[in-house]
Every structure is written in C-alpha cells, then in structure tokens.
Amino acid sequence: MTPASYTYDGTLAGLLTLYAYLLAEPAEVERISAVVADQQNLFTAEVSIATDQAAAEEFWQRLTKRLSDNALKLLRRCLLADHPQQELLIYHFLLLEGEQGKKIDGMLAHPWVAQVWKLSQQVAREAHRYLGFVRFQQVQGGLYYAAIRPDHRILLLIGQHFADRFADQQWIIHDQHHGEAILYDAEKKEWLLLPMKLHAQPEATPQETQFQQLWRCYFSTLAIPERTNLKLQQGKVPLKTRSCLTEFTV
Amino acid sequence: MAADLMDKLKILADGAKYDVSCSSSGSSRSNSGGIGSAASCGICHTWTSDGRCVSLLKILMTNACIYDCAYCVNRRSNDTPRVALSPAEVAELTIGFYRRNYIEGLFLSTGVVRSPDYTMELLIQAVRTLREEYRFNGYIHLKLVPGADPLLVQQAGHWADRVSVNLELPTSSSLQLLAPDKSRDAVVQPMRQVNQLITINRAERKQSRKVPRFAPAGQSTQLIVGASNESDHQIVKLSEQLYQRMELKRVYYSAFIPVNQDTRLPARPVAPLKREHRLYQADWLLRYYGFSADELLDEARPNLDSELDPKTGWALRHIELFPVEINRASYEELLRVPGVGVLSAQRIIRARRQGHLGLDDLVRLGVVMKRARYFVTARGRSLEAAALDSSSLRSRLIDKTTGRKPQQLSLDFSSPVDDETRSLITGQL
C-alpha cells in the first residue's frame, strides 16, 4: 500500500479520532495535517477522517491508562507544540508504544522516541522561560493583563503556576500568537482557557505607568557596562520575545 | 512615589549590582493565603545587556557605610551621594514589582550604618513587613551583616529563604590588607552559626513538620577573584571546604577589575572573565561531577588552563583511563567523560537497559560528540581510527573550541572609567 496523507479538523478530538483509526490498523503515513493540505500529491492518497467525540474520548481514556506518567507527560507537551510535523511524530511514538508497551520509556535512543523527546523538551523549555517572561500590567478596573507570543501553546503548562502565585489578583495571560488566553478568577480561585482576540490596547493605570518606569530604570542600572555581552543576552532573551517585555519597550 | 524614589532606586541598585548571587532556587514555599510562591527550580525573569540574569530585586537598604574596603563602590572615602530606603519602601517596591511578575523575590543587602546590629535590624524589619503585612511568600535572599548579634542572625534565617555573608577574599591576609575594618572571624562566624542552625532545624523538622523552616534555601557566599594574589588551586580548595564543611549551596566568583585608585590593589588582571568562567566550571565539577579540588589542580599546576575546560584537562592528564565503553561504564565513569553531562549520563544508563548503544545513539541522547568522540567506544567501536596521544588530542580539542567562542572573555575597557566613584565589586558586607 502506498503511504497516505491524512487530514483532520484541527481539534484535539479530531486528532485523537484519527490516531484511534490509524492505530487500529497501522498504516504507513506520509503526513498528517489539520484541514486540507495545500498541495495535492500525485502519488499519495489523501484521507480525511471525521471527528468522533466518543471515539476520541474512549481512545484518550485507554491511552492514559496504558502509558506511564513519563510517556504521558511527553505526549501532553507534544500535543501542545506548534510544529509542522508534530502529529506525525506523535503517531510514530504511539505506533512504537503499541509494539513495545512500557519498554518505550527506556528506548531513549530510538529515533522516534528521541524526536518526541526533543520536541517535548522544546515545549517544556519555552513554558519554563515564560514563567519569567510574563509581564502583567494593571489596567483600568484593577485587572492585571499580560500579552505573550510564544512559539508553542504553553498556556496550559503555566496556568497553575500563576494561579498559585497570584491567587489574590484578577489576571489574564493572553497568547496573541495562538489567539487564546487564560482568565483567572480570584473569587472562585479558578482559571480557564478561552479563545481571545484583542480589539483595543488596554489602558494602564497611572500607578502602572510609574512602576513600569521604575522597572525600566532599575533594569538599565543593573547592567555592568564593562561586562557588556549583547550576544549572550540575545541568546537568553531572543528578539522575538522582546515586544512583550516591559524592560525592552519604551 | 515620585522622582525621588526613582533616584534612590537608581543609586541603591547601582550599589548592589556587583553582588553576583542571582539564584532564586532551592526553596519551595507555597502561597498560604497571600501573594507569592517560591519555585524550587528558580526562575530567571530577564537578562541585562551584560548577559546576567535578573531574578530578584537586588537592592541596598542604604549605600552609606562606616567601612572603607579598598575594592568597594560604597566605601566611606568615596564621594558619592548617600541615600536610604525605609523598610516600608523596600516592601512596597518589592510587591509592586512582584505583582507584575518582574521578579522572583527580593535580594536585600546594605552598607553598614551606625553598627552591625542596627543595620541587621533594619533589614529584618523590611523582610518582616513583607512576610507579615503583605503575606508575601516569594523568595527572599538576605545578607547577614558581619559582627551582628547571633540572635539577629537567627531571626534573619527565620524570615528569609536564603542568607549569605560574603567572604570577599580567599585568605585572611588579603582580607586584612584590602578590608581592614573586617576580620575573617566576623565573616566566618555567622556562616558557621547558620550552618549549625540549619542542621538543628533539619533534625527538628524530622521530629515534627510543624517546626518552621530555617533558611530553606541554605546559604551562599561570594569571592572576589583577582584582587589579591591567590592561585586557582587555593580558591577551588577553599570552595571545596565551604561545600563540605559549611554545606554552602553556592560559592559565587566575581572577576575583579580595579577601578578604585588604591595602591593596595593590583594592576588590571589578564582576561579576568575567562578566569571567572573556568572557576565556575571547576565549581560545577566539585558539586555535580564528583571531582575533588586536588584532582583538578595541585601545587605544581596551581592555575586552571585558559584554553581547555577543567574536565577535558583532567581527561587529557589521565588518558590511560580512556576510552570508556559506554555500554559498560558506571555512572561515575560516564560523568568524567568530556562532552557527557549529568543529564546525558543518566539517559545513557536508562537507554542501555533496552539494548546496546551505538555511537549514533549518543548524539540523540544529548552527548556532545565533538568532545566525547575521542574518549568513548560503543560496542568496541570508536570514531577515531587510531588512539591519539594527549598532546595531539589537546591541539584538536583547542581548535574545536576557540572557533565558536561567542562569549566575551575579557572585559571591555573601551568606555572611560571614572575612578574613585566606581569599583566593580561592592564589599558592602
């Protein structure tokens, strides 16, 4: 059989339905993509799988029971990645898991496992970095708003950290790249992930402006001129992250 | 809050910035009904243009000081404006920054005013305000003032996550020369006391979890490197003792650059940042790789090699122990292979339970083959056709590293330096 391309509707349920379908009868897969692939390939057939909520849920239940904590962690992170081939990488991982079972935890050098591990590392690293890179600003009404533009969809990985830390303030962390946000409710002590779009820049309180000035002043004072090393700084704070960081904006 | 506060912040941050301690790790205080938590892994929030991370609001309570240490920016004889923050101002500033997620917590240091006890009380008051009034559970690193009453030291550890007292200079004779107002005893004594209190607290907490923690993130210290004529061997040896006997969490090294005009200070050292970098590498080998100071350096070779990292240097001196067969070597042996780190060694151990590893597998496990290739075999195979002797290996390894060194290893002196008013190191404590 020639390798096929598969498409799904872009939702998690859709992807899980697809995995359930593929793993039931393992096939050679060339590519898995959300919605329709933009280029038709002459030699591969394109199969579209319709989302089946029940099948997806059942598959996920089965998976969480079967996988070790470690493998599940890898899988969760990879599902949150924003990588052109993540669906295929995960499929290979699940395929191998089907053959090897729990042994997969130790197969760190297997190319399929190593790729998934690497992707999961990237997601985890970025999530950790954003524990520091979120900058809240107090807007009219007392709400604290932060915008971020991460490569991967890390909000679910950082939400609990901020909920624990800022339990007494209303806050929003808005992922402008993926168009979603976490809203925290300080009364109910709950947070939830919602799609979000910003129509106007939030207006900062006067106190907010003062703290931003203090912070920028503090930040620029802190560098030791004789040790200047911009290359090192850029490695740690990539240019793409700076538009959302108070100390790098005027 | 006005322009006045901005000026104070500038002066007091400027006075504190030379203290290199930056970490916010080692404490896992959780949020109990207030604001803040401490993450045990530590979190960096940003990096300044010198590539150093900003994790804590690092600030002095005051830059006024009764001492006159040769290397210090805040020394009595320097003609700089002297300002002070009140404990309430420190707390307000910390909370304001913290709520916006600028910082992980507070690093509070100070010049010494009136007496060590008076100064220590001021620091403690600021920290108490944060913990009690604001119910702040974030990370706090508090400096101990040498010569302060042991009771105050005890209180400091009660409120803070980490406490530290700076050793400043590696030997007591250098300390006497450059910081005549401080005695080695006054520095070492609080360090010893903190160590005892931590040990006692650990034992008490075994009996009952209700006993509050004492300095849960332990203590650290800082050494100025290059202001006096100690060798790397003396410094690494000292660090080893501090880790073993005082159970310090970290020893920080700060490259010295003379900017204060002072006849007691040496002329500009050669490549001070490179020396600092090598010392940190050696420090890591002590703490995570099972090396001892005497393995890295000895009387005959008292200084670290500037061209090679200390681990590669050690491997070249013990070439008879290599190559190591990665499918059989113990964890301790793997750790000593150049290019293999703690994480990759652990991954090798886990992965080889599933079957023999080949050389290609090592790359996927995170080993840096550029260095490791000369020191390992897999199933008896090596990437090198013939075994190399250590001198030709040395030249290969040096070529490999010099080409890709982006970091600045000497200090940038191009900008004019206004002497007297600045020195690269505060010795505020």
# chains A, B, ... in the order shown; residues from 1 in each chain; ligands from 1
$ residues_around --residues "A:Gln100" --least-positions-apart "6" --cutoff "12 Å" --atoms "only C-alpha atoms" --output "list in words"
Arg66, Leu67, Phe93, Leu94, Gly106, Met107, His110 and Val113 of chain A; Gln354 of chain B
$ write_last_selection --atoms "C-alpha atoms" --output "PDB file, in the first residue's frame"
ATOM      1  CA  ARG A  66      -1.750   2.434  29.415  1.00  0.00           C
ATOM      2  CA  LEU A  67       1.038   4.970  29.243  1.00  0.00           C
ATOM      3  CA  PHE A  93       5.630   7.343  19.030  1.00  0.00           C
ATOM      4  CA  LEU A  94       2.202   5.797  19.602  1.00  0.00           C
ATOM      5  CA  GLY A 106      13.750   3.315  28.252  1.00  0.00           C
ATOM      6  CA  MET A 107      14.151   3.477  24.473  1.00  0.00           C
ATOM      7  CA  HIS A 110      15.274   5.183  19.293  1.00  0.00           C
ATOM      8  CA  VAL A 113      11.334   8.408  20.759  1.00  0.00           C
TER       9      VAL A 113
ATOM     10  CA  GLN B 354      16.998  -1.744  26.467  1.00  0.00           C
TER      11      GLN B 354
END
$ interface_residues --of "chain B" --to "chain A" --cutoff "8 Å" --atoms "only C-alpha atoms" --output "PDB file with N, CA and C atoms, in the first residue's frame"
ATOM      1  N   MET B   6      12.686  57.132  42.306  1.00  0.00           N
ATOM      2  CA  MET B   6      13.427  56.710  41.119  1.00  0.00           C
ATOM      3  C   MET B   6      14.928  56.922  41.324  1.00  0.00           C
ATOM      4  N   LEU B   9      16.256  54.453  43.851  1.00  0.00           N
ATOM      5  CA  LEU B   9      16.325  53.113  43.269  1.00  0.00           C
ATOM      6  C   LEU B   9      17.574  52.977  42.408  1.00  0.00           C
ATOM      7  N   LYS B  10      17.850  54.021  41.645  1.00  0.00           N
ATOM      8  CA  LYS B  10      18.997  54.008  40.749  1.00  0.00           C
ATOM      9  C   LYS B  10      20.294  53.864  41.557  1.00  0.00           C
ATOM     10  N   ALA B  13      20.394  50.408  43.466  1.00  0.00           N
ATOM     11  CA  ALA B  13      20.581  49.254  42.580  1.00  0.00           C
ATOM     12  C   ALA B  13      22.009  49.259  42.047  1.00  0.00           C
ATOM     13  N   ASP B  14      22.500  50.474  41.769  1.00  0.00           N
ATOM     14  CA  ASP B  14      23.861  50.611  41.271  1.00  0.00           C
ATOM     15  C   ASP B  14      24.868  50.081  42.300  1.00  0.00           C
ATOM     16  N   LYS B  17      24.525  45.986  42.419  1.00  0.00           N
ATOM     17  CA  LYS B  17      24.594  45.132  41.226  1.00  0.00           C
ATOM     18  C   LYS B  17      25.846  44.283  41.131  1.00  0.00           C
ATOM     19  N   TYR B  18      26.886  44.652  41.863  1.00  0.00           N
ATOM     20  CA  TYR B  18      28.117  43.876  41.752  1.00  0.00           C
ATOM     21  C   TYR B  18      28.074  42.576  42.560  1.00  0.00           C
ATOM     22  N   SER B  30       5.074  27.659  49.582  1.00  0.00           N
ATOM     23  CA  SER B  30       3.834  27.764  48.813  1.00  0.00           C
ATOM     24  C   SER B  30       3.016  28.944  49.317  1.00  0.00           C
ATOM     25  N   ASN B  31       2.078  29.353  48.515  1.00  0.00           N
ATOM     26  CA  ASN B  31       1.290  30.533  48.832  1.00  0.00           C
ATOM     27  C   ASN B  31       0.230  30.191  49.870  1.00  0.00           C
ATOM     28  N   GLY B  33      -2.419  31.897  51.491  1.00  0.00           N
ATOM     29  CA  GLY B  33      -3.395  32.951  51.702  1.00  0.00           C
ATOM     30  C   GLY B  33      -2.905  34.362  51.458  1.00  0.00           C
ATOM     31  N   GLY B  34      -1.781  34.535  50.794  1.00  0.00           N
ATOM     32  CA  GLY B  34      -1.332  35.883  50.490  1.00  0.00           C
ATOM     33  C   GLY B  34      -0.944  35.967  49.043  1.00  0.00           C
ATOM     34  N   ILE B  35       0.245  36.508  48.800  1.00  0.00           N
ATOM     35  CA  ILE B  35       0.733  36.578  47.436  1.00  0.00           C
ATOM     36  C   ILE B  35       2.088  35.898  47.378  1.00  0.00           C
ATOM     37  N   GLY B  36       2.330  35.206  46.264  1.00  0.00           N
ATOM     38  CA  GLY B  36       3.669  34.718  46.008  1.00  0.00           C
ATOM     39  C   GLY B  36       3.915  33.273  46.378  1.00  0.00           C
ATOM     40  N   SER B  37       4.928  32.709  45.724  1.00  0.00           N
ATOM     41  CA  SER B  37       5.359  31.352  45.986  1.00  0.00           C
ATOM     42  C   SER B  37       6.796  31.284  45.533  1.00  0.00           C
ATOM     43  N   ILE B  43      13.593  30.763  38.896  1.00  0.00           N
ATOM     44  CA  ILE B  43      13.096  31.296  37.623  1.00  0.00           C
ATOM     45  C   ILE B  43      13.827  32.598  37.319  1.00  0.00           C
ATOM     46  N   CYS B  44      14.393  32.689  36.114  1.00  0.00           N
ATOM     47  CA  CYS B  44      15.005  33.937  35.675  1.00  0.00           C
ATOM     48  C   CYS B  44      13.944  34.756  34.960  1.00  0.00           C
ATOM     49  N   HIS B  45      13.890  36.049  35.216  1.00  0.00           N
ATOM     50  CA  HIS B  45      12.832  36.850  34.607  1.00  0.00           C
ATOM     51  C   HIS B  45      13.296  37.662  33.411  1.00  0.00           C
ATOM     52  N   THR B  46      14.558  38.040  33.396  1.00  0.00           N
ATOM     53  CA  THR B  46      15.079  38.715  32.217  1.00  0.00           C
ATOM     54  C   THR B  46      16.603  38.706  32.293  1.00  0.00           C
ATOM     55  N   TRP B  47      17.250  39.220  31.245  1.00  0.00           N
ATOM     56  CA  TRP B  47      18.717  39.273  31.226  1.00  0.00           C
ATOM     57  C   TRP B  47      19.162  40.666  30.812  1.00  0.00           C
ATOM     58  N   THR B  48      20.117  41.222  31.532  1.00  0.00           N
ATOM     59  CA  THR B  48      20.595  42.569  31.216  1.00  0.00           C
ATOM     60  C   THR B  48      21.636  42.512  30.100  1.00  0.00           C
ATOM     61  N   SER B  49      22.091  43.678  29.661  1.00  0.00           N
ATOM     62  CA  SER B  49      22.968  43.728  28.493  1.00  0.00           C
ATOM     63  C   SER B  49      24.346  43.123  28.758  1.00  0.00           C
ATOM     64  N   ASP B  50      24.646  42.764  30.000  1.00  0.00           N
ATOM     65  CA  ASP B  50      25.898  42.053  30.246  1.00  0.00           C
ATOM     66  C   ASP B  50      25.662  40.538  30.293  1.00  0.00           C
ATOM     67  N   GLY B  51      24.432  40.124  29.960  1.00  0.00           N
ATOM     68  CA  GLY B  51      24.136  38.697  29.890  1.00  0.00           C
ATOM     69  C   GLY B  51      23.873  38.055  31.247  1.00  0.00           C
ATOM     70  N   ARG B  52      23.761  38.858  32.296  1.00  0.00           N
ATOM     71  CA  ARG B  52      23.465  38.267  33.613  1.00  0.00           C
ATOM     72  C   ARG B  52      21.953  38.249  33.827  1.00  0.00           C
ATOM     73  N   GLY B  96       5.180  45.737  44.382  1.00  0.00           N
ATOM     74  CA  GLY B  96       4.814  46.347  43.099  1.00  0.00           C
ATOM     75  C   GLY B  96       5.453  45.624  41.930  1.00  0.00           C
ATOM     76  N   PHE B  97       6.729  45.296  42.072  1.00  0.00           N
ATOM     77  CA  PHE B  97       7.442  44.578  41.007  1.00  0.00           C
ATOM     78  C   PHE B  97       6.950  43.134  40.913  1.00  0.00           C
ATOM     79  N   ARG B  99       4.014  41.784  41.738  1.00  0.00           N
ATOM     80  CA  ARG B  99       2.663  41.632  41.166  1.00  0.00           C
ATOM     81  C   ARG B  99       2.672  41.671  39.652  1.00  0.00           C
ATOM     82  N   ARG B 100       3.664  42.336  39.092  1.00  0.00           N
ATOM     83  CA  ARG B 100       3.759  42.434  37.630  1.00  0.00           C
ATOM     84  C   ARG B 100       4.634  41.340  37.046  1.00  0.00           C
ATOM     85  N   ASN B 101       5.058  40.426  37.911  1.00  0.00           N
ATOM     86  CA  ASN B 101       5.902  39.301  37.518  1.00  0.00           C
ATOM     87  C   ASN B 101       7.258  39.741  36.941  1.00  0.00           C
ATOM     88  N   TYR B 102       7.760  40.912  37.429  1.00  0.00           N
ATOM     89  CA  TYR B 102       9.090  41.343  37.009  1.00  0.00           C
ATOM     90  C   TYR B 102      10.159  40.507  37.706  1.00  0.00           C
ATOM     91  N   ILE B 103       9.844  40.090  38.915  1.00  0.00           N
ATOM     92  CA  ILE B 103      10.878  39.480  39.763  1.00  0.00           C
ATOM     93  C   ILE B 103      10.364  38.229  40.466  1.00  0.00           C
ATOM     94  N   ARG B 347      20.683   9.507  30.975  1.00  0.00           N
ATOM     95  CA  ARG B 347      19.952   8.972  29.827  1.00  0.00           C
ATOM     96  C   ARG B 347      20.665   7.764  29.219  1.00  0.00           C
ATOM     97  N   ARG B 350      19.805   4.781  31.398  1.00  0.00           N
ATOM     98  CA  ARG B 350      18.439   4.291  31.172  1.00  0.00           C
ATOM     99  C   ARG B 350      18.306   3.591  29.820  1.00  0.00           C
ATOM    100  N   ALA B 351      18.904   4.219  28.800  1.00  0.00           N
ATOM    101  CA  ALA B 351      18.714   3.708  27.445  1.00  0.00           C
ATOM    102  C   ALA B 351      19.417   2.370  27.239  1.00  0.00           C
ATOM    103  N   ARG B 352      20.546   2.159  27.897  1.00  0.00           N
ATOM    104  CA  ARG B 352      21.287   0.933  27.596  1.00  0.00           C
ATOM    105  C   ARG B 352      20.679  -0.296  28.252  1.00  0.00           C
ATOM    106  N   ARG B 353      19.698  -0.084  29.131  1.00  0.00           N
ATOM    107  CA  ARG B 353      18.984  -1.252  29.675  1.00  0.00           C
ATOM    108  C   ARG B 353      18.179  -1.947  28.592  1.00  0.00           C
ATOM    109  N   GLN B 354      17.823  -1.186  27.545  1.00  0.00           N
ATOM    110  CA  GLN B 354      16.998  -1.744  26.467  1.00  0.00           C
ATOM    111  C   GLN B 354      17.827  -2.379  25.366  1.00  0.00           C
ATOM    112  N   LEU B 357      24.090   0.286  23.010  1.00  0.00           N
ATOM    113  CA  LEU B 357      24.054   1.585  22.339  1.00  0.00           C
ATOM    114  C   LEU B 357      25.184   1.669  21.332  1.00  0.00           C
ATOM    115  N   ASP B 361      23.678   6.629  18.560  1.00  0.00           N
ATOM    116  CA  ASP B 361      22.692   6.824  19.623  1.00  0.00           C
ATOM    117  C   ASP B 361      23.102   7.932  20.585  1.00  0.00           C
ATOM    118  N   LEU B 362      24.416   8.077  20.767  1.00  0.00           N
ATOM    119  CA  LEU B 362      24.895   9.047  21.755  1.00  0.00           C
ATOM    120  C   LEU B 362      24.446  10.465  21.422  1.00  0.00           C
ATOM    121  N   ARG B 364      21.751  11.368  19.917  1.00  0.00           N
ATOM    122  CA  ARG B 364      20.334  11.500  20.271  1.00  0.00           C
ATOM    123  C   ARG B 364      20.125  11.570  21.776  1.00  0.00           C
ATOM    124  N   LEU B 365      21.079  11.064  22.520  1.00  0.00           N
ATOM    125  CA  LEU B 365      20.940  11.107  23.978  1.00  0.00           C
ATOM    126  C   LEU B 365      21.489  12.409  24.555  1.00  0.00           C
ATOM    127  N   PRO B 406      31.538  32.529  21.513  1.00  0.00           N
ATOM    128  CA  PRO B 406      30.918  33.826  21.336  1.00  0.00           C
ATOM    129  C   PRO B 406      31.054  34.715  22.576  1.00  0.00           C
ATOM    130  N   GLN B 407      31.245  34.071  23.736  1.00  0.00           N
ATOM    131  CA  GLN B 407      31.166  34.902  24.928  1.00  0.00           C
ATOM    132  C   GLN B 407      32.389  35.781  25.088  1.00  0.00           C
ATOM    133  N   GLN B 408      32.140  36.931  25.680  1.00  0.00           N
ATOM    134  CA  GLN B 408      33.198  37.883  25.875  1.00  0.00           C
ATOM    135  C   GLN B 408      34.041  37.410  27.045  1.00  0.00           C
ATOM    136  N   LEU B 411      37.361  41.889  29.682  1.00  0.00           N
ATOM    137  CA  LEU B 411      36.429  42.962  29.997  1.00  0.00           C
ATOM    138  C   LEU B 411      36.599  44.094  29.022  1.00  0.00           C
ATOM    139  N   ASP B 412      35.522  44.783  28.794  1.00  0.00           N
ATOM    140  CA  ASP B 412      35.523  45.867  27.845  1.00  0.00           C
ATOM    141  C   ASP B 412      35.951  47.150  28.553  1.00  0.00           C
ATOM    142  N   PHE B 413      37.181  47.565  28.307  1.00  0.00           N
ATOM    143  CA  PHE B 413      37.665  48.765  28.984  1.00  0.00           C
ATOM    144  C   PHE B 413      37.561  50.001  28.099  1.00  0.00           C
ATOM    145  N   SER B 415      35.166  51.917  27.294  1.00  0.00           N
ATOM    146  CA  SER B 415      34.463  53.068  27.836  1.00  0.00           C
ATOM    147  C   SER B 415      35.286  53.680  28.967  1.00  0.00           C
TER     148      SER B 415
END
$ residues_around --residues "stretch 228-233 of chain B" --least-positions-apart "3" --cutoff "9 Å" --atoms "only C-alpha atoms" --output "list in words"
Leu169, Pro170, Thr171, Ser174, Leu175, Leu178, Ile224, Val225, Val236, Lys237, Leu238, Leu265, Pro266, Arg275, Leu279, Ala293, Asp294, Leu296, Leu297, Asp298, Glu299, Arg301, Pro302, Asn303 and Leu304 of chain B
$ residues_around --residues "stretch 18-34 of chain A" --least-positions-apart "5" --cutoff "12 Å" --atoms "only C-alpha atoms" --output "count of residues only"
55
$ select_by_dssp --residues "stretch 86-119 of chain B" --states "strand (DSSP E or B)" --output "PDB file with N, CA and C atoms, in the first residue's frame"
ATOM      1  N   GLY B 105      11.527  37.656  43.615  1.00  0.00           N
ATOM      2  CA  GLY B 105      11.590  37.973  45.033  1.00  0.00           C
ATOM      3  C   GLY B 105      12.590  39.081  45.284  1.00  0.00           C
ATOM      4  N   LEU B 106      13.098  39.110  46.508  1.00  0.00           N
ATOM      5  CA  LEU B 106      13.945  40.227  46.933  1.00  0.00           C
ATOM      6  C   LEU B 106      15.327  39.734  47.343  1.00  0.00           C
ATOM      7  N   PHE B 107      16.345  40.484  46.943  1.00  0.00           N
ATOM      8  CA  PHE B 107      17.709  40.261  47.430  1.00  0.00           C
ATOM      9  C   PHE B 107      18.074  41.539  48.151  1.00  0.00           C
ATOM     10  N   LEU B 108      18.139  41.489  49.455  1.00  0.00           N
ATOM     11  CA  LEU B 108      18.357  42.722  50.210  1.00  0.00           C
ATOM     12  C   LEU B 108      19.726  42.716  50.871  1.00  0.00           C
ATOM     13  N   SER B 109      20.495  43.733  50.508  1.00  0.00           N
ATOM     14  CA  SER B 109      21.829  43.892  51.064  1.00  0.00           C
ATOM     15  C   SER B 109      21.931  45.322  51.574  1.00  0.00           C
TER      16      SER B 109
END
$ closest_residue --among "B:Gly111, B:Pro323, B:Pro81, B:Pro87" --to "B:Ala16" --atoms "only C-alpha atoms"
B:Gly111
$ closest_residue --among "B:Cys53, B:Ala39, B:Ala84, B:Leu397" --to "B:Thr119" --atoms "only C-alpha atoms"
B:Ala84
$ residues_around --residues "A:Gln176" --least-positions-apart "6" --cutoff "7 Å" --atoms "only C-alpha atoms" --output "ChimeraX atom specification"
/A:147-149
$ select_by_dssp --residues "stretch 23-199 of chain A" --states "helix (DSSP H, G or I)" --output "PyMOL selection string"
chain A and resi 23-24+53-66+69-79+86-106+111-133+155-165
$ residues_around --residues "B:Arg373" --least-positions-apart "5" --cutoff "9 Å" --atoms "only C-alpha atoms" --output "count of residues only"
7
$ residues_around --residues "stretch 245-249 of chain B" --least-positions-apart "3" --cutoff "6 Å" --atoms "only C-alpha atoms" --output "mmCIF file with N, CA and C atoms, in the first residue's frame"
data_model
loop_
_atom_site.group_PDB
_atom_site.id
_atom_site.type_symbol
_atom_site.label_atom_id
_atom_site.label_comp_id
_atom_site.auth_asym_id
_atom_site.auth_seq_id
_atom_site.Cartn_x
_atom_site.Cartn_y
_atom_site.Cartn_z
ATOM 1 N N ASN B 195 25.088 27.480 59.534
ATOM 2 C CA ASN B 195 25.219 26.053 59.233
ATOM 3 C C ASN B 195 24.691 25.196 60.387
ATOM 4 N N GLN B 219 22.644 28.668 52.519
ATOM 5 C CA GLN B 219 23.423 29.893 52.452
ATOM 6 C C GLN B 219 24.449 29.830 51.330
ATOM 7 N N SER B 220 24.863 31.016 50.906
ATOM 8 C CA SER B 220 25.847 31.116 49.826
ATOM 9 C C SER B 220 26.886 32.169 50.209
ATOM 10 N N GLN B 241 36.080 23.156 50.638
ATOM 11 C CA GLN B 241 35.863 23.111 52.089
ATOM 12 C C GLN B 241 34.536 23.746 52.470
ATOM 13 N N LEU B 242 34.215 24.847 51.814
ATOM 14 C CA LEU B 242 32.946 25.516 52.122
ATOM 15 C C LEU B 242 31.762 24.605 51.808
#
$ atom_distance --atom1 "atom CA of B:Val163" --atom2 "atom CA of B:Leu142"
4.8 Å
$ atom_distance --atom1 "atom CA of B:Ala345" --atom2 "atom CA of B:Tyr331"
6.5 Å
$ closest_residue --among "A:Thr249, A:His152, A:Gln140, A:His177" --to "A:Pro202" --atoms "only C-alpha atoms"
A:Gln140
